[in-house]
Every structure is written in C-alpha cells, then in structure tokens.
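Some notes on the structure that comes next.
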Amino acid sequence: MLREHRINKLLIANRGEIAVRVIRTCRELGLATVAVYSEADREALHVLMADEAYPIGPPEPAASYLAIDRIVQVAKATGADAIHPGYGFLAENPVFAEACLAAGLTFVGPPPAAMRAMSDKTAARRMATEMKVPVVPGTSSPVSDDAEAARAARDLGYPVMIKAVMGGGGKGMRLVSREADLPAALRMARAEAGAAFADGSIYIERYVAEPRHIEIQVLADAHGNVVHLGERECSIQRRHQKLIEESPSPFVDDAMRARMGKAACEVAAAAGYVNAGTVEFLVDRDRNFYFLEMNTRLQVEHPVTEMVTGLDLVREQLRIAAGERLGYRQDEVRLRGAAIECRINAEDPFAGFMPSPGTITGLRAAEGPWVRNDSGAYEGYTVPRFYDTLVAKLIVWGADRDAAIRRMARALGEYRIVGVHTTIPVLQRVLAHADFRAARLSTALLERMLPMFRPAEGRYRPVAMIAAALTAYERLGRTPAIPPSPSPGPWRLGARRGWGPRRP
Amino acid sequence: MKFAVTIGDSTEMIEVSGAGGRFRVTIGEQVWDVDARLTPQGISSLLIDGSSYVADVKDEDGFFRVDVQGESYDIRVEEETRHIIRTRGRAAGGHGSQIVKAPMPGKVSHVSVRAGDTVNAGDPLLVIEAMKMENEFKARAAGTITQVRVAAGQTVNPGDVLLIIE
C-alpha cells in the first residue's frame, strides 16, 4: 500500500484532535508520524502521540502553524515524504500545497490549481454556474470598499450575508439585516477573515431564510474516478459554526441524494479535483439546492460519513495521494444506519458561548457501544487561548436516526469535563428538543432554541446545593482529611491533588 | 455548621455535620445522609440516601458553579453569621453601575465607545479577539460610560476591568 508515491513517513501540519485523528490512521497503516507544535502546544496530545515532534515557533498561528517555510523545512529534515494539512490553518492554502510539491513532498490534498479554483469563493460560484448548478444570488466578485458593499447589499435586498472570499469554517461571515449595521459587520468580517486566511476580502450574498445546510462528501482519485459518499446534514449551527452534524440527512431521499451527489461530482471533476473534498449546498423548504462552496480539505465533521460508509477517509486520502485508484464505483458505496457528531467546544454556552480556555482538571469521556471520541484533551491538559475552541468531537452510530439520538443523549450524559466550560449542556438540550427529534431542522433553529435554554431547570437543585455546601464545609478545614478511597475508582478522582484540610 | 446557600434570589439555610466523607445534611425539615468523595476542582461523587450523583464543583468569582446531570447552578455559600452581616449592610450599598470585565484572555481589537458616551442596552461596547473569534461585548443596560480602561491592541486577562457604565 501507498507505494506509487512511497509514503512511509507523514508530517501532520496541524494540532488538536485532527492531528491525533490522522496519527491514528497512520499507525494502523504502519506509517511513521511527525508532529509539529507551537510553544503553547508542547504538552498537546498530538505531540505525545506522534513518533517524532518538532517545535515550529511561538503560539501565534502566523508564527507557527501557518509558517510554511518552517513546516516544509521540518518535513525535509526529518525525511517525511508527505504532509497532511488537517483542516483550518494551511489546509486550503495553495501556496502551501505548491511549497510542498516544490520541496518534493506529497501534499495530502487536492492539486494547487484545483484548490485555487475553489478557494476564491466568487470564482467557484462562477464555475458552478457554468456547470448549470444553481447558486445563491450575490456579487460575482469580491467587494473592496464599504460604499460598493452598501450598493451591492441594497441591490440584493436585506438581509444579506457577508462572506470571506477565502472563507471556510464560518470565519469572516456576518448576517446583516439593515444598512446601519453594515459598516461594523464589514469591519469584523474583514478582521476575522484577515486573521484566519491572511486575506480580508469579502463578498456579499442574498440571505436565504431558514435554509438547511447539507453537504456532499466526494472522493476523487488521480485517474479520473469520482464518487460521492452521501451527505451530511449540518443545519445545527450558531453564527455559522456547526455544532451538530449527522449523516444521512433526514431531509434527503435517494432521488435527491443522487441529484446532489451528481452535481457535487461534476463540480469536483470540472475543477480537476483530486482527493477528499466537500461540496456545500443550501437547501430551501422546497428541496431546491444551491451550491455554496467547495471545501478542499477534510472536514471537521468527516467522522459521520466514516460511520455510515465504513470508510476511513484519512486512509482514502493517503491512498489517493499515493496515486492509488479508488477501487470502488458509485453503486458500491452503501450508507448504513445513522451517525451523529457533537462538537464539544471550550465555550460557555450560557454566557454567549464565550471562549473558556483553561486547565481541564477532571475528565471522563463517554464510552460504550458505538461511541467514538475524537479528542485532543486529557486530564491535566490546558486548553490554550491561541487556537479554536474545539476540544473533542463525540460521534455515535445507530441503526436509525432515533437510535443514534438516544445513544448520543446517553453518551453526552456520561461525558464530564471539569475546569473549562463546554458546549455539552447545550448539546444535551438540543438533542432533547422536539424540533430536533422530529428533524424540523434549519440553520436558524439553534439560535431560536437558545433563549429557551436555562442553565438550570431545578430538577437537581437540592443535589447542587448539597454539593456546594459540602465543598464549603470541607474547605473550612474543620474536619480531618477524607481518607483516600481503597481502590482507584472508576476515574482518577482527585488524582492531581488530594483533598485535605487547609494549612493554618 | 450552618451555611446560607444562595441560588439566584433565594437563600436557604443548610446544616452540615460529619467527617471522613460521611455527612448529614439538613435543609429545612429534610435530612439526608450523604457519602461524598469530593475533589477541589474536579468530579465529585455523591451518594445521597443511596442515590448516586456525579457533580462537578468549580470555583468561580466568589461562588461555586455546580454542574450536575447537565444542569448548571451558580451557588453562593456563606457561613450563616457572615451572610447575616453582609445582607444587613447591603441597604446602604450603591447600585446601578455596570463593571464590564474581561471573561477570558485575549486582545482588544476594537473599542466602540469613549468616556462620556451614553449607551442603550444592546449597544456595542468593544470587541475582544480570543481563540480566533471576534467576541463583541454589548451594554447590558442603558447608561453613561464613565471609564474606558483599555485600548485597541491591548492584551487583557480574565477579570481585568474593561470599562465602567453608570
């Protein structure tokens, strides 16, 4: 395997859970792994798990995870033959892909030309239009100044959506409902886009009300074979940040899947696309779908596709990068059961989803049948403040959507993270909500639900009061220390610091 | 020992006795036997009359945040006498000022107001860039900005006072 381009050692130009996830597949395939890390990540899990790990600079992404020369230099020095970019950071940067190729390294991703064709979202929209794939009305090129933006927004009609030309992951996106809000929104979108993609250009689209966000996973090899692996329903979002994803979409039947899949494969083929990619669509109430953009990387939410297809997408990426053929046809791709992913972010969902970096003092991940935990965290790990807030992805599989929802609710109940706030409580409330259970989904659903969610519903009020009172009582130090439990217990209770009386 | 335990606007007295992980807890007329395995900042196990609960107790600014079964409570616990002294003195205390503090470390990327400005509830105050996101802070209530203590480009730490609204 992986012989044509001889990938024996892979450098992962990323951090967090995705770097860990890539390392796992490499280990299964017998490939050696090289991690790179910033000064803030010496104790990160990917550094602990890789065969080799090298520092690449200060915590700020621009000085480390975005430092193309430094990363390529490490790859060459350690004898790596290929680089996997993960998602975010340099994953969709054609300059990086070109630098890898120029250095004689295999880039695990699409050819730079295909990436470039898709990375400019306005150019991608023009290409889709040529392929007769419908797009959402909007500016056909980037808008440079505020006056031009105001004109375009007026022509399209409010509300409008500001988007980053080089966008992805919801960065640099802002919904604007009136002209008065446009200048501030443009400023924040440009700042966010500039920070995330080193390019602050934006364009403007008409806002489609209450749409669903449904995307198609495609795989294309270097021999002209393109297949799709069905869809992912990603409608549960807050500020264009996906929170829950599932496959298949309860809204998509076989006929619609075939039509969307065909459109996605055609867009990929037209762009000369090779490797794993995702074609995103907005879907309106009448099941009309509109091309949004193509993500030229592995998606955060790729595990739900893995769970229903049985394919390891990182393995497929590596095989394709090595020049192998897909080896299966569209009619051999089967979707089985239903999978859901929940994003566990270090954010306080009851304080406007404010980032909550800090040390994880207690951790017990969900386990059990058909539960998968893709995480970059461990007990004692400090979530740094320099990177995005994703701590772990919890993925479950069930025979059907209902079974998967029940399983996810069960798994979220088991998951405990102490020391940082997480999105777990809000994920639990969404999973229990009648609209989610009945699959009445839209990208506006979560924002509508959130004001209804209360941190406490009163059911466990006495338990919480007792826990707080006992903690205060113990802290006053008037009682002798609790003797250590005779056994280590089901989790490492107080493993880091024992409970004892305060020093006088 | 008696504690005043406050959640939101309601305060209840809780009496705690016991040691070595075994406690008796009394709230009003109710009495529970509790077997507790507590950690300073971590996952605590409580067996309350045999019912098993796992609670996470975390120190926040002057109170505990307790997470139990997906619910989250902010709870203030004081010794009874201390509570009585504090609440007696409260009537004289001023109110109505909003002190906006940084909830997380980050960099101020934009300040929208100046001292002397009047703001309405929901008006943008400033933006802090943290963890790759632009987080906008809005006024919780109408008022006048009396102090702006930060400027764009400045790095802030949790608890730093950003501005004050009267």
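Identifiers in the structure tokens: chain A, B, ... in order shown; residue index from 1 per chain; ligand index from 1 in order shown.
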Next on the checklist: With 8 Å as the limit and counting only C-alpha atoms, what residues in chain A lie close to chain B? Please list them as a count of residues only.
Outcome noted: 50
Next on the checklist: Need to verify the contact set: region 146-148 of chain A, 12 Å, only C-alpha atoms, exclusion of same-chain residues closer than 5 positions in sequence. Can you return it as a count of residues only?
Outcome noted: 20
Next on the checklist: Applying 9 Å and only C-alpha atoms, which residues near Thr309 (chain A) remain after dropping the ones on its own chain fewer than 5 positions away? List them as a PyMOL selection string.
Outcome noted: chain A and resi 229-230+304+333-336
Next on the checklist: Quick one: residues within 12 Å of Met131 (chain A), only C-alpha atoms, excluding same-chain residues fewer than 2 positions away - as a list in words?
Outcome noted: Ala124, Arg125, Arg126, Met127, Ala128, Thr129, Val133, Pro134, Val135, Lys262, Ala263, Ala264, Cys265, Glu266, Val267, Ala268, Ala269, Ala270, Ala271 and Phe291 of chain A
Let's have the selection written as a PDB file, in the first residue's frame, with C-alpha atoms.
ATOM      1  CA  ALA A 124     -16.138  28.861  -7.527  1.00  0.00           C
ATOM      2  CA  ARG A 125     -19.629  30.332  -7.810  1.00  0.00           C
ATOM      3  CA  ARG A 126     -18.920  31.304 -11.425  1.00  0.00           C
ATOM      4  CA  MET A 127     -17.690  27.772 -12.155  1.00  0.00           C
ATOM      5  CA  ALA A 128     -20.802  26.170 -10.637  1.00  0.00           C
ATOM      6  CA  THR A 129     -22.993  28.466 -12.722  1.00  0.00           C
ATOM      7  CA  VAL A 133     -25.530  24.043 -10.783  1.00  0.00           C
ATOM      8  CA  PRO A 134     -27.687  26.736  -9.108  1.00  0.00           C
ATOM      9  CA  VAL A 135     -26.045  29.281  -6.768  1.00  0.00           C
ATOM     10  CA  LYS A 262     -24.121  14.080  -9.269  1.00  0.00           C
ATOM     11  CA  ALA A 263     -23.894  17.902  -9.082  1.00  0.00           C
ATOM     12  CA  ALA A 264     -21.107  17.632  -6.474  1.00  0.00           C
ATOM     13  CA  CYS A 265     -19.122  15.138  -8.567  1.00  0.00           C
ATOM     14  CA  GLU A 266     -19.489  17.347 -11.645  1.00  0.00           C
ATOM     15  CA  VAL A 267     -18.207  20.431  -9.808  1.00  0.00           C
ATOM     16  CA  ALA A 268     -15.257  18.397  -8.476  1.00  0.00           C
ATOM     17  CA  ALA A 269     -14.448  16.997 -11.912  1.00  0.00           C
ATOM     18  CA  ALA A 270     -14.710  20.435 -13.566  1.00  0.00           C
ATOM     19  CA  ALA A 271     -12.186  21.819 -11.074  1.00  0.00           C
ATOM     20  CA  PHE A 291     -24.165  25.487  -4.490  1.00  0.00           C
TER      21      PHE A 291
END
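Separating CA of Glu246 (chain A) from CA of Met115 (chain A) is a distance of 26.0 Å.
In this model, the gap between CA of Asp402 (chain A) and CA of Glu215 (chain A) comes to 21.3 Å.
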Checklist entry - CA of Ile395 (chain A) to CA of Pro369 (chain A): how many Å, to one decimal? => result 11.2 Å
